[in-house]
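S.K.: Before anything else, here's the structure in question.
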Amino acid sequence: MLTVSLPDAAEARCNKTFEALMWAMARPGQVRDMGEPGLAPVVEALIDRECVVHSDSATLAPFIANTGATPGTIEMADHLFHETLDIEALVSVRCGTALYPDDGATVVLQAAHGSGTRLRLSGPGVDGVCDITLAIPPAFWSLRAALCAYPEGFDLLLVDARAVIGIPRSTHVEVL
Amino acid sequence: MSLSSLTKPWAATSYGFLDASAKRELRRKMLKAIAVPGCQMPYASREVPMARGWGTGGLQVTLTLVNPASTVKVIDQGADDGVNAASIRRFISRVSGASETWDTLGASIIQSRHRVPEETLREDQILVLQVPNPEPLRGVEPNMSIARQMHADADYGRLWLTLYEQLVRKGRIMQGAAYPSLVNGRHVMTPSPIPRWDVPKLNMAKHLTFLSAGREKRLHAVPPYTKVEPLVFSDRPYRVEDHQQLVCRRSGIAGYFMNEIPQDDGSSSFEVSDSNLGIKAIRRAEGETVDIGQTWYRGGEFSA
Amino acid sequence: MAYVATRGGEKAIEQAERLFREELGTIDMARVAAIRQSMPYLIDRVMGEASLYDEDMAALALAQTGGELSEAVLVLRAWRTTQPRLAVAAPLLQEDLLTQRRISAAFKDIPGGQILGPTLDYSHRVLATDVLEGKPFAPPAVEPAAQPAPAHQPSLADWQRQQGLVAPAKQSHVAPDDIPDLTREPLLFPASRAHRLQSLARAETGGVLALGYAAMRGYGNAHPTVNELRLAEAEVVVRHPSGTPFSAGRVRVCQAEVTSKEKGGYLELGFAASFGWNEVKVIAAATLDLNSAEAPVGSPVHEEFYLYHTESVEASGFCIHFKLPHYVTFQSVLDAMRDAKAKAAATPVEAEQMEPAE
């Protein structure tokens, strides 16, 4: 009574992207391969008409619009797709509430891995500590620490071409 | 633009049964569940072609994860050939083309009801636990809105009180399965109705665990290397079931969680609950080369 | 492989399903058509609980489950959930409904008139046993009235609003596309009005009746008067991508508005509506809606209580899941119990002393 199709290209892409995002979030600091470069695959895997999205990317805009997501300001958005880091603007990012921590935003940011500020991560998903280097200035990490009053907070996916690193709100980040 | 541009080519069902928007919602919630370990995340929970309460929450997570390269193991009460485990496994492989296995070591996704396998799970494995009741506070507060507020306030006093009362009245904590446990030092979760034997396997584990309640529309997660501490008093240590000395009547192995089989003469005999571990032990005893993984319990003692 | 031989789960479930289906025999279009034609009210009930309006599919679901209602609803919902949402239909207005039955218990007569329409309300409930003796029962033909009742009827509550008896309707500016959809988002509390009414619309008839009856009998503070009960057909108006609205078809709908007493200078109204014609469900559901505002937390008329417990697929699924083996959890309980008993046997006096003061 059941006829089943094989995954089409979009389904296969989304499945692979999500697997990378999931393990990135579950193992903060570890680099995962999404299979496709940039922010677009993340949009494709996560975003549809149920989402409110903020993006600073002109190239990404039509792609996001096509998902049916509602465009919104940073304070309204549940998903942010940023090609450049504007620390001051992120002050108003949604951090959810203790009642509904899931209302905290997912911030997907383009950021080079392997250069810039050295960080030491610890917390759930990290076996002891994990040292990484990211092209994100220390001021951002101070802001994050100020905003993330666990379990409130926002969750980071840092994309560098096909590679993604996840830093959920549960991760303690020490700037070295 | 025409009407047809609103729709898509006809297909009897989507790959993995769930449609793309159901999967995206689950993906978003699964990421949040990982980000706040042990915190129950609400999700829409679509109907699937199985009755609610029969693993529909676990199934939705598995169907979101699965791809044709996945290898799926499904167990109920530790057994791969339990009727509902067989039914779920058959459904998953039919709608996804994933491979089926009974071997814990060979599985990429393990969906389970009421047990964590005895062989230690690896960093690349995902355990999906089916959850009937995701709310550890249900016993002290049936109203979900109030219970949610208690989680927000980390107000677990009434839960501690019931455990204390059991200690005072019965001389021990009477909680059987589904032992309430503190995750990442913040949220109390139910580990699903796994026996107390299995709870330490979630603490600082290498694998990723999702716990999903389809009927109650909540999912939570325990990422790898995350603290899971059963609620106990400092002077009364956590006690797993007294199965350390029991020997499986079929496979001869000992030191694992057992099923008790009542005998006509009034006594009991025992069979290892992780049925495929038993099968592997039998096959090895018969001279086959069988790969049995490192187990969490060795000689009946937990050793992480 | 002696270990496995005693179980054989996969073969057993296959054969168990065959046993069920063999008894039902071959299902063909004729059977589906016969069910659809002969049981419209059952079809309505199933479509309402499934939130899926398709009489053939509902008849098919009944055929392949042998009329096991909760199974029929589940199989329809599981099919529904795989379908894309193409469009959002325009909201229905009471005065636009093609009304076949519309009555009010609040007034002897109402603007537009009391239209009895099809009902068994005043029939003598006598079983037509003659049929079993070979004499077919052919119902006598309906005698048309001299003047047909108008197809459209005004809303009684609108008249009451003009009289200042009912609070003015609050204008809602939610775009149709933004109306919350219970089938795509979790039910959270306090529930939005849309979620509450959607949840009641797809609730299990018997469950809604039981809790609604509890409210009517005295476990709620408001006893209903049926302000207006309506059975109607509604056009499903959707927008063509070119922008033109058009009717994609007509569905049977029912609605009940119940009222009780004055609150803040106005009559309170409780409301429910559903796919199909199912009067007992919408009256009971509207009674629950009416009672919600002042319901104590945890009472059967409290929103969280009745919405959770009348969800047909969840309730029936959980109930039958207790057939699944639970021997691992049971073993865990036994272990704690045996240990506690052993402790108690060893130190009976001490245990007694440890009983806390109440």
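We label chains A, B, ... in the order they appear in the structure tokens, count residues from 1 in each chain, and number ligands from 1 in the order shown.
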For chain A, list the residues within 9 Å of chain B, counting only C-alpha atoms, and write the list as an mmCIF file with C-alpha atoms, in the first residue's frame.
M.R.:
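Written output follows (result_25.cif):
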```
data_model
loop_
_atom_site.group_PDB
_atom_site.id
_atom_site.type_symbol
_atom_site.label_atom_id
_atom_site.label_comp_id
_atom_site.auth_asym_id
_atom_site.auth_seq_id
_atom_site.Cartn_x
_atom_site.Cartn_y
_atom_site.Cartn_z
ATOM 1 C CA LEU A 2 3.039 2.210 0.084
ATOM 2 C CA THR A 3 5.063 3.422 -2.851
ATOM 3 C CA VAL A 4 8.248 5.193 -1.950
ATOM 4 C CA SER A 5 10.464 7.373 -4.018
ATOM 5 C CA LEU A 6 14.204 7.794 -3.666
ATOM 6 C CA PRO A 7 15.433 11.110 -2.290
ATOM 7 C CA ASP A 8 15.509 13.833 -4.905
ATOM 8 C CA GLU A 11 16.162 16.084 -0.128
ATOM 9 C CA ALA A 12 19.649 14.570 -0.361
ATOM 10 C CA CYS A 14 19.150 18.997 2.976
ATOM 11 C CA ASN A 15 19.735 15.681 4.690
ATOM 12 C CA LYS A 16 23.505 16.005 4.311
ATOM 13 C CA PHE A 18 21.477 18.974 8.428
ATOM 14 C CA GLU A 19 23.683 16.087 9.444
ATOM 15 C CA LEU A 21 24.726 21.178 11.314
ATOM 16 C CA MET A 22 23.500 18.688 13.887
ATOM 17 C CA TRP A 23 26.926 17.246 14.603
ATOM 18 C CA MET A 25 25.970 21.802 17.251
ATOM 19 C CA ALA A 26 26.422 18.543 19.184
ATOM 20 C CA ARG A 27 30.241 18.789 19.100
ATOM 21 C CA GLU A 44 17.511 25.258 2.297
ATOM 22 C CA ALA A 45 17.740 22.746 5.141
ATOM 23 C CA LEU A 46 16.086 24.840 7.848
ATOM 24 C CA ILE A 47 13.946 27.668 6.499
ATOM 25 C CA ASP A 48 10.357 27.762 5.292
ATOM 26 C CA ARG A 49 7.226 29.831 5.692
ATOM 27 C CA GLU A 50 7.079 29.177 9.447
ATOM 28 C CA THR A 97 12.997 33.102 27.719
ATOM 29 C CA ALA A 98 13.533 30.631 30.531
ATOM 30 C CA LEU A 99 9.976 29.476 29.747
ATOM 31 C CA TYR A 100 10.671 28.995 26.022
ATOM 32 C CA PRO A 101 14.439 28.820 25.476
ATOM 33 C CA ASP A 102 13.727 27.566 21.937
ATOM 34 C CA ASP A 103 12.690 31.121 21.016
ATOM 35 C CA GLY A 104 16.400 32.035 21.103
ATOM 36 C CA THR A 106 19.875 30.580 15.375
ATOM 37 C CA GLY A 123 30.659 22.499 28.036
ATOM 38 C CA PRO A 124 28.198 19.955 26.614
ATOM 39 C CA GLY A 125 29.516 18.232 23.517
ATOM 40 C CA VAL A 126 33.133 19.078 24.282
ATOM 41 C CA ASP A 127 35.329 16.302 25.636
ATOM 42 C CA GLY A 128 37.250 18.390 28.135
ATOM 43 C CA TYR A 150 21.543 30.097 30.141
ATOM 44 C CA PRO A 151 19.107 28.589 29.199
ATOM 45 C CA GLU A 152 18.364 31.830 27.404
ATOM 46 C CA PHE A 154 21.312 32.242 20.847
ATOM 47 C CA ASP A 155 23.039 29.487 18.931
ATOM 48 C CA ILE A 167 28.669 27.009 19.120
ATOM 49 C CA PRO A 168 25.410 26.532 20.997
ATOM 50 C CA ARG A 169 24.470 28.753 23.944
ATOM 51 C CA SER A 170 25.502 25.962 26.317
ATOM 52 C CA THR A 171 29.157 26.310 25.331
#
```
S.K.: Please extract the residues of region 2-171 of chain A with a backbone DSSP assignment of strand (DSSP E or B) and present them as a ChimeraX atom specification.
M.R.: /A:32-33,52-55,70-71,79-82,95,104,106-110,113-122,129-134,155-160,163-167
S.K.: Let me see the file: selected residues, C-alpha atoms, as a PDB file, in the first residue's frame.
M.R.:
```pdb
ATOM      1  CA  ARG A  32      31.825  19.485   9.745  1.00  0.00           C
ATOM      2  CA  ASP A  33      31.431  19.329   5.983  1.00  0.00           C
ATOM      3  CA  VAL A  52      11.109  34.881  10.438  1.00  0.00           C
ATOM      4  CA  VAL A  53      14.481  35.585   8.860  1.00  0.00           C
ATOM      5  CA  HIS A  54      16.931  38.474   8.910  1.00  0.00           C
ATOM      6  CA  SER A  55      19.760  38.553   6.417  1.00  0.00           C
ATOM      7  CA  THR A  70       8.756  36.250   6.624  1.00  0.00           C
ATOM      8  CA  PRO A  71      11.525  38.854   6.465  1.00  0.00           C
ATOM      9  CA  HIS A  79      17.044  32.814  12.060  1.00  0.00           C
ATOM     10  CA  LEU A  80      19.783  35.247  11.046  1.00  0.00           C
ATOM     11  CA  PHE A  81      21.975  34.783   7.985  1.00  0.00           C
ATOM     12  CA  HIS A  82      24.837  37.272   8.034  1.00  0.00           C
ATOM     13  CA  CYS A  95      17.512  35.031  23.260  1.00  0.00           C
ATOM     14  CA  GLY A 104      16.400  32.035  21.103  1.00  0.00           C
ATOM     15  CA  THR A 106      19.875  30.580  15.375  1.00  0.00           C
ATOM     16  CA  VAL A 107      22.589  32.882  14.048  1.00  0.00           C
ATOM     17  CA  VAL A 108      24.278  31.641  10.893  1.00  0.00           C
ATOM     18  CA  LEU A 109      27.388  33.664  10.251  1.00  0.00           C
ATOM     19  CA  GLN A 110      30.028  33.600   7.573  1.00  0.00           C
ATOM     20  CA  HIS A 113      37.971  29.212  10.422  1.00  0.00           C
ATOM     21  CA  GLY A 114      41.603  28.888  11.463  1.00  0.00           C
ATOM     22  CA  SER A 115      42.598  32.553  11.697  1.00  0.00           C
ATOM     23  CA  GLY A 116      41.893  35.408  14.099  1.00  0.00           C
ATOM     24  CA  THR A 117      41.021  35.050  17.768  1.00  0.00           C
ATOM     25  CA  ARG A 118      41.992  31.927  19.674  1.00  0.00           C
ATOM     26  CA  LEU A 119      39.185  30.470  21.745  1.00  0.00           C
ATOM     27  CA  ARG A 120      38.875  27.699  24.290  1.00  0.00           C
ATOM     28  CA  LEU A 121      35.502  25.950  24.322  1.00  0.00           C
ATOM     29  CA  SER A 122      34.081  23.799  27.075  1.00  0.00           C
ATOM     30  CA  VAL A 129      38.260  21.512  26.221  1.00  0.00           C
ATOM     31  CA  CYS A 130      38.562  22.356  22.543  1.00  0.00           C
ATOM     32  CA  ASP A 131      40.764  25.158  21.195  1.00  0.00           C
ATOM     33  CA  ILE A 132      39.824  26.817  17.916  1.00  0.00           C
ATOM     34  CA  THR A 133      40.680  29.976  16.020  1.00  0.00           C
ATOM     35  CA  LEU A 134      37.960  32.072  14.412  1.00  0.00           C
ATOM     36  CA  ASP A 155      23.039  29.487  18.931  1.00  0.00           C
ATOM     37  CA  LEU A 156      25.810  30.009  16.395  1.00  0.00           C
ATOM     38  CA  LEU A 157      26.594  28.239  13.167  1.00  0.00           C
ATOM     39  CA  LEU A 158      29.817  29.562  11.683  1.00  0.00           C
ATOM     40  CA  VAL A 159      30.197  28.834   8.002  1.00  0.00           C
ATOM     41  CA  ASP A 160      33.454  28.949   6.066  1.00  0.00           C
ATOM     42  CA  ALA A 163      32.823  23.868   6.580  1.00  0.00           C
ATOM     43  CA  VAL A 164      30.634  24.637   9.567  1.00  0.00           C
ATOM     44  CA  ILE A 165      31.385  25.003  13.263  1.00  0.00           C
ATOM     45  CA  GLY A 166      28.592  25.137  15.830  1.00  0.00           C
ATOM     46  CA  ILE A 167      28.669  27.009  19.120  1.00  0.00           C
TER      47      ILE A 167
END
```
S.K.: Taking the chain letters and numbering used in this document, name the residues of chain A that DSSP puts in alpha helix (DSSP H), as a ChimeraX atom specification.
M.R.: /A:9-26,40-46,61-66,138-147
S.K.: Please produce a file of those selected residues containing C-alpha atoms, as a short mmCIF file (atom, residue, chain, number, x, y, z; two decimals), in the first residue's frame.
M.R.:
```cif
data_model
loop_
_atom_site.label_atom_id
_atom_site.label_comp_id
_atom_site.auth_asym_id
_atom_site.auth_seq_id
_atom_site.Cartn_x
_atom_site.Cartn_y
_atom_site.Cartn_z
CA ALA A 9 18.52 16.15 -5.12
CA ALA A 10 17.06 18.71 -2.71
CA GLU A 11 16.16 16.08 -0.13
CA ALA A 12 19.65 14.57 -0.36
CA ARG A 13 21.30 17.99 0.01
CA CYS A 14 19.15 19.00 2.98
CA ASN A 15 19.74 15.68 4.69
CA LYS A 16 23.51 16.01 4.31
CA THR A 17 23.54 19.66 5.36
CA PHE A 18 21.48 18.97 8.43
CA GLU A 19 23.68 16.09 9.44
CA ALA A 20 26.63 18.50 9.39
CA LEU A 21 24.73 21.18 11.31
CA MET A 22 23.50 18.69 13.89
CA TRP A 23 26.93 17.25 14.60
CA ALA A 24 28.42 20.74 14.55
CA MET A 25 25.97 21.80 17.25
CA ALA A 26 26.42 18.54 19.18
CA ALA A 40 22.41 28.89 1.08
CA PRO A 41 22.50 25.20 2.01
CA VAL A 42 21.67 26.11 5.61
CA VAL A 43 18.69 28.15 4.41
CA GLU A 44 17.51 25.26 2.30
CA ALA A 45 17.74 22.75 5.14
CA LEU A 46 16.09 24.84 7.85
CA ALA A 61 17.70 37.52 -0.35
CA PRO A 62 15.85 36.02 -3.33
CA PHE A 63 16.72 32.53 -2.15
CA ILE A 64 15.30 33.27 1.30
CA ALA A 65 12.22 34.93 -0.19
CA ASN A 66 11.58 31.79 -2.21
CA PRO A 138 36.77 39.32 21.24
CA ALA A 139 34.05 42.00 21.57
CA PHE A 140 31.56 39.59 20.03
CA TRP A 141 32.30 36.96 22.65
CA SER A 142 31.82 39.54 25.42
CA LEU A 143 28.43 40.42 23.94
CA ARG A 144 27.49 36.76 23.69
CA ALA A 145 28.45 36.17 27.30
CA ALA A 146 26.33 39.14 28.33
CA LEU A 147 23.28 38.01 26.34
#
```
S.K.: What are the residues of chain C lining chain B at 6 Å or less? Count only C-alpha atoms, and put the answer as a list in words.
M.R.: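 Residues satisfying the distance criterion: Gly9, Glu10, Ala78, Thr82, Arg184, Glu185, Pro186, Pro241, Glu314, Gly317, Phe318, His321, Val328, Thr329, Ser332, Val333, Asp335, Ala336, Ala340, Met354 and Glu355 of chain C.
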S.K.: Chain C near chain A within 12 Å: what's each residue's closest atom pair and its distance in Å to one decimal, counting only C-alpha atoms, ordered by chain then ascending residue number, as a tab-separated table?
M.R.:
```
residue	atom	partner	partner_atom	distance
C:Gln64	CA	A:Met1	CA	11.4
C:Val75	CA	A:Met1	CA	12.0
C:Trp79	CA	A:Leu2	CA	11.0
C:Arg85	CA	A:Arg49	CA	11.2
C:Asp177	CA	A:Arg49	CA	9.9
C:Asp178	CA	A:Glu50	CA	9.5
C:Ile179	CA	A:Glu50	CA	11.5
C:Pro180	CA	A:Glu50	CA	10.1
C:Asp181	CA	A:Glu50	CA	10.4
C:Arg184	CA	A:Glu50	CA	8.8
C:Glu185	CA	A:Glu50	CA	8.9
C:Leu188	CA	A:Tyr100	CA	10.7
C:Phe189	CA	A:Leu99	CA	11.8
```
S.K.: Would you write out those residues with N, CA, C and O atoms, as a PDB file, in the first residue's frame?
M.R.:
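Written output follows (part-v4.pdb):
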```pdb
ATOM      1  N   GLN C  64     -11.270   0.052   4.994  1.00  0.00           N
ATOM      2  CA  GLN C  64     -10.050  -0.734   5.232  1.00  0.00           C
ATOM      3  C   GLN C  64      -9.749  -0.931   6.708  1.00  0.00           C
ATOM      4  O   GLN C  64      -8.875  -1.712   7.067  1.00  0.00           O
ATOM      5  N   VAL C  75      -5.630   6.748   9.984  1.00  0.00           N
ATOM      6  CA  VAL C  75      -5.126   6.491   8.638  1.00  0.00           C
ATOM      7  C   VAL C  75      -5.380   7.714   7.737  1.00  0.00           C
ATOM      8  O   VAL C  75      -4.549   8.063   6.885  1.00  0.00           O
ATOM      9  N   TRP C  79      -2.431  10.223   6.154  1.00  0.00           N
ATOM     10  CA  TRP C  79      -2.380  10.566   4.724  1.00  0.00           C
ATOM     11  C   TRP C  79      -2.352  12.086   4.569  1.00  0.00           C
ATOM     12  O   TRP C  79      -1.554  12.646   3.816  1.00  0.00           O
ATOM     13  N   ARG C  85       0.270  22.052   1.678  1.00  0.00           N
ATOM     14  CA  ARG C  85      -0.792  23.036   1.881  1.00  0.00           C
ATOM     15  C   ARG C  85      -0.706  24.033   0.735  1.00  0.00           C
ATOM     16  O   ARG C  85       0.206  24.848   0.686  1.00  0.00           O
ATOM     17  N   ASP C 177      -3.319  33.811   5.474  1.00  0.00           N
ATOM     18  CA  ASP C 177      -2.110  32.980   5.481  1.00  0.00           C
ATOM     19  C   ASP C 177      -1.470  32.898   6.862  1.00  0.00           C
ATOM     20  O   ASP C 177      -0.682  32.000   7.132  1.00  0.00           O
ATOM     21  N   ASP C 178      -1.791  33.862   7.729  1.00  0.00           N
ATOM     22  CA  ASP C 178      -1.142  33.894   9.042  1.00  0.00           C
ATOM     23  C   ASP C 178      -1.990  33.290  10.145  1.00  0.00           C
ATOM     24  O   ASP C 178      -1.595  33.319  11.314  1.00  0.00           O
ATOM     25  N   ILE C 179      -3.169  32.773   9.801  1.00  0.00           N
ATOM     26  CA  ILE C 179      -3.986  32.126  10.828  1.00  0.00           C
ATOM     27  C   ILE C 179      -3.211  30.912  11.339  1.00  0.00           C
ATOM     28  O   ILE C 179      -2.740  30.100  10.554  1.00  0.00           O
ATOM     29  N   PRO C 180      -3.025  30.820  12.659  1.00  0.00           N
ATOM     30  CA  PRO C 180      -2.248  29.693  13.176  1.00  0.00           C
ATOM     31  C   PRO C 180      -2.849  28.361  12.734  1.00  0.00           C
ATOM     32  O   PRO C 180      -4.070  28.257  12.615  1.00  0.00           O
ATOM     33  N   ASP C 181      -2.020  27.390  12.466  1.00  0.00           N
ATOM     34  CA  ASP C 181      -2.472  26.086  11.997  1.00  0.00           C
ATOM     35  C   ASP C 181      -1.995  25.015  12.972  1.00  0.00           C
ATOM     36  O   ASP C 181      -0.813  24.710  13.051  1.00  0.00           O
ATOM     37  N   ARG C 184       0.404  22.261  12.119  1.00  0.00           N
ATOM     38  CA  ARG C 184       1.776  22.578  11.766  1.00  0.00           C
ATOM     39  C   ARG C 184       2.554  23.209  12.894  1.00  0.00           C
ATOM     40  O   ARG C 184       3.711  23.588  12.743  1.00  0.00           O
ATOM     41  N   GLU C 185       1.918  23.395  14.043  1.00  0.00           N
ATOM     42  CA  GLU C 185       2.612  23.965  15.182  1.00  0.00           C
ATOM     43  C   GLU C 185       2.091  23.295  16.435  1.00  0.00           C
ATOM     44  O   GLU C 185       0.953  22.830  16.461  1.00  0.00           O
ATOM     45  N   LEU C 188       0.214  25.132  22.496  1.00  0.00           N
ATOM     46  CA  LEU C 188       0.797  25.643  23.744  1.00  0.00           C
ATOM     47  C   LEU C 188      -0.292  26.393  24.497  1.00  0.00           C
ATOM     48  O   LEU C 188      -1.289  26.787  23.919  1.00  0.00           O
ATOM     49  N   PHE C 189      -0.083  26.602  25.775  1.00  0.00           N
ATOM     50  CA  PHE C 189      -1.125  27.212  26.602  1.00  0.00           C
ATOM     51  C   PHE C 189      -0.649  28.499  27.255  1.00  0.00           C
ATOM     52  O   PHE C 189       0.516  28.581  27.627  1.00  0.00           O
TER      53      PHE C 189
END
```
S.K.: Neighbouring residues of Pro118 (chain C) were defined as those with any atom within 10 Å, considering only C-alpha atoms; residues of the same chain fewer than 6 positions away were excluded. Please report them as a VMD selection string.
M.R.: chain C and resid 100 to 101 231
S.K.: Which distance in Å separates CA of Gly112 (chain C) and CA of Asn291 (chain C), to one decimal?
M.R.: 28.6 Å
S.K.: Fewer than 4 positions away in the same chain doesn't count, so skip those; otherwise give me all residues within 8 Å of region 253-261 of chain C, counting only C-alpha atoms, as a compact mmCIF listing (two decimals) with N, CA and C atoms, in the first residue's frame.
M.R.:
```txt
# COMPACT_ATOMS: atom_id res chain seq x y z
N ALA C 222 -21.22 27.33 33.69
CA ALA C 222 -22.16 27.88 32.73
C ALA C 222 -22.95 26.76 32.06
N HIS C 223 -24.26 26.85 32.12
CA HIS C 223 -25.10 25.84 31.50
C HIS C 223 -25.61 26.39 30.18
N PRO C 224 -25.49 25.63 29.11
CA PRO C 224 -25.71 26.22 27.79
C PRO C 224 -27.18 26.37 27.41
N THR C 225 -27.48 27.45 26.72
CA THR C 225 -28.69 27.58 25.94
C THR C 225 -28.21 27.63 24.49
N VAL C 226 -28.82 26.82 23.63
CA VAL C 226 -28.37 26.84 22.23
C VAL C 226 -28.87 28.12 21.58
N ASN C 227 -27.94 29.03 21.40
CA ASN C 227 -28.29 30.31 20.78
C ASN C 227 -28.58 30.10 19.31
N GLU C 228 -27.70 29.36 18.67
CA GLU C 228 -27.92 29.04 17.26
C GLU C 228 -27.16 27.76 16.91
N LEU C 229 -27.87 26.87 16.23
CA LEU C 229 -27.24 25.64 15.72
C LEU C 229 -27.48 25.63 14.23
N ARG C 230 -26.45 25.34 13.48
CA ARG C 230 -26.58 25.47 12.03
C ARG C 230 -25.89 24.30 11.33
N LEU C 231 -26.63 23.68 10.39
CA LEU C 231 -26.03 22.72 9.46
C LEU C 231 -26.07 23.38 8.09
N ALA C 232 -24.95 23.37 7.43
CA ALA C 232 -24.91 24.14 6.18
C ALA C 232 -23.90 23.54 5.22
N GLU C 233 -23.89 24.13 4.03
CA GLU C 233 -22.83 23.83 3.08
C GLU C 233 -22.08 25.13 2.80
N ALA C 234 -20.78 25.00 2.67
CA ALA C 234 -19.96 26.21 2.50
C ALA C 234 -19.12 26.09 1.24
N LEU C 267 -24.22 38.99 27.05
CA LEU C 267 -24.33 37.54 27.10
C LEU C 267 -23.01 36.93 26.65
N GLU C 268 -22.58 35.92 27.39
CA GLU C 268 -21.37 35.21 26.95
C GLU C 268 -21.75 34.24 25.84
N LEU C 269 -20.85 34.04 24.90
CA LEU C 269 -21.09 33.06 23.83
C LEU C 269 -19.96 32.04 23.81
N GLY C 270 -20.36 30.79 23.64
CA GLY C 270 -19.38 29.74 23.38
C GLY C 270 -19.59 29.28 21.96
N PHE C 271 -18.50 28.93 21.26
CA PHE C 271 -18.62 28.62 19.84
C PHE C 271 -17.83 27.37 19.48
N ALA C 272 -18.37 26.61 18.55
CA ALA C 272 -17.60 25.52 17.94
C ALA C 272 -18.13 25.27 16.55
N ALA C 273 -17.25 24.80 15.69
CA ALA C 273 -17.64 24.46 14.33
C ALA C 273 -16.81 23.27 13.89
N SER C 274 -17.31 22.55 12.91
CA SER C 274 -16.57 21.39 12.43
C SER C 274 -16.93 21.09 10.98
N PHE C 275 -16.06 20.36 10.32
CA PHE C 275 -16.39 19.76 9.03
C PHE C 275 -17.53 18.78 9.25
N GLY C 276 -18.39 18.65 8.28
CA GLY C 276 -19.45 17.64 8.35
C GLY C 276 -20.55 18.07 9.30
N TRP C 277 -21.58 17.23 9.35
CA TRP C 277 -22.71 17.54 10.23
C TRP C 277 -22.62 16.65 11.47
N ASN C 278 -22.36 17.24 12.58
CA ASN C 278 -22.18 16.48 13.82
C ASN C 278 -22.64 17.37 14.97
N GLU C 279 -23.97 17.38 15.17
CA GLU C 279 -24.56 18.35 16.09
C GLU C 279 -24.12 18.15 17.53
N VAL C 282 -20.61 19.65 18.20
CA VAL C 282 -20.42 21.10 18.26
C VAL C 282 -21.15 21.72 19.45
N ILE C 283 -22.28 21.14 19.86
CA ILE C 283 -22.96 21.69 21.05
C ILE C 283 -22.08 21.44 22.28
N ALA C 286 -18.96 23.67 22.04
CA ALA C 286 -19.25 25.08 22.32
C ALA C 286 -19.47 25.29 23.81
N THR C 287 -20.02 24.29 24.48
CA THR C 287 -20.21 24.38 25.93
C THR C 287 -18.86 24.43 26.64
N LEU C 290 -17.46 27.83 26.12
CA LEU C 290 -18.18 28.80 26.96
C LEU C 290 -17.67 28.78 28.40
```
S.K.: Gly113 (chain C): which residues within 9 Å, counting only C-alpha atoms, same-chain residues fewer than 2 positions away excluded, as a PyMOL selection string?
M.R.: chain C and resi 102-103+109-111+115+149+153
S.K.: May I have the selected residues written with C-alpha atoms, as a PDB file, in the first residue's frame?
M.R.:
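again-v1.pdb was written with the following content:
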```pdb
ATOM      1  CA  ARG C 102     -30.774  26.438  11.666  1.00  0.00           C
ATOM      2  CA  ILE C 103     -32.490  26.582  15.002  1.00  0.00           C
ATOM      3  CA  ASP C 109     -38.867  32.679  16.620  1.00  0.00           C
ATOM      4  CA  ILE C 110     -35.840  34.413  15.161  1.00  0.00           C
ATOM      5  CA  PRO C 111     -35.142  36.673  12.187  1.00  0.00           C
ATOM      6  CA  ILE C 115     -35.540  26.025   9.904  1.00  0.00           C
ATOM      7  CA  ALA C 149     -36.865  28.514   2.986  1.00  0.00           C
ATOM      8  CA  GLN C 153     -29.882  32.955   6.980  1.00  0.00           C
TER       9      GLN C 153
END
```
S.K.: Which of these residues is nearest to Val93 (chain A), using only C-alpha atoms: A:Ala58, A:Ala135, A:Ile74, A:Ala111?
M.R.: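 Under the stated criterion, the closest residue is A:Ile74.
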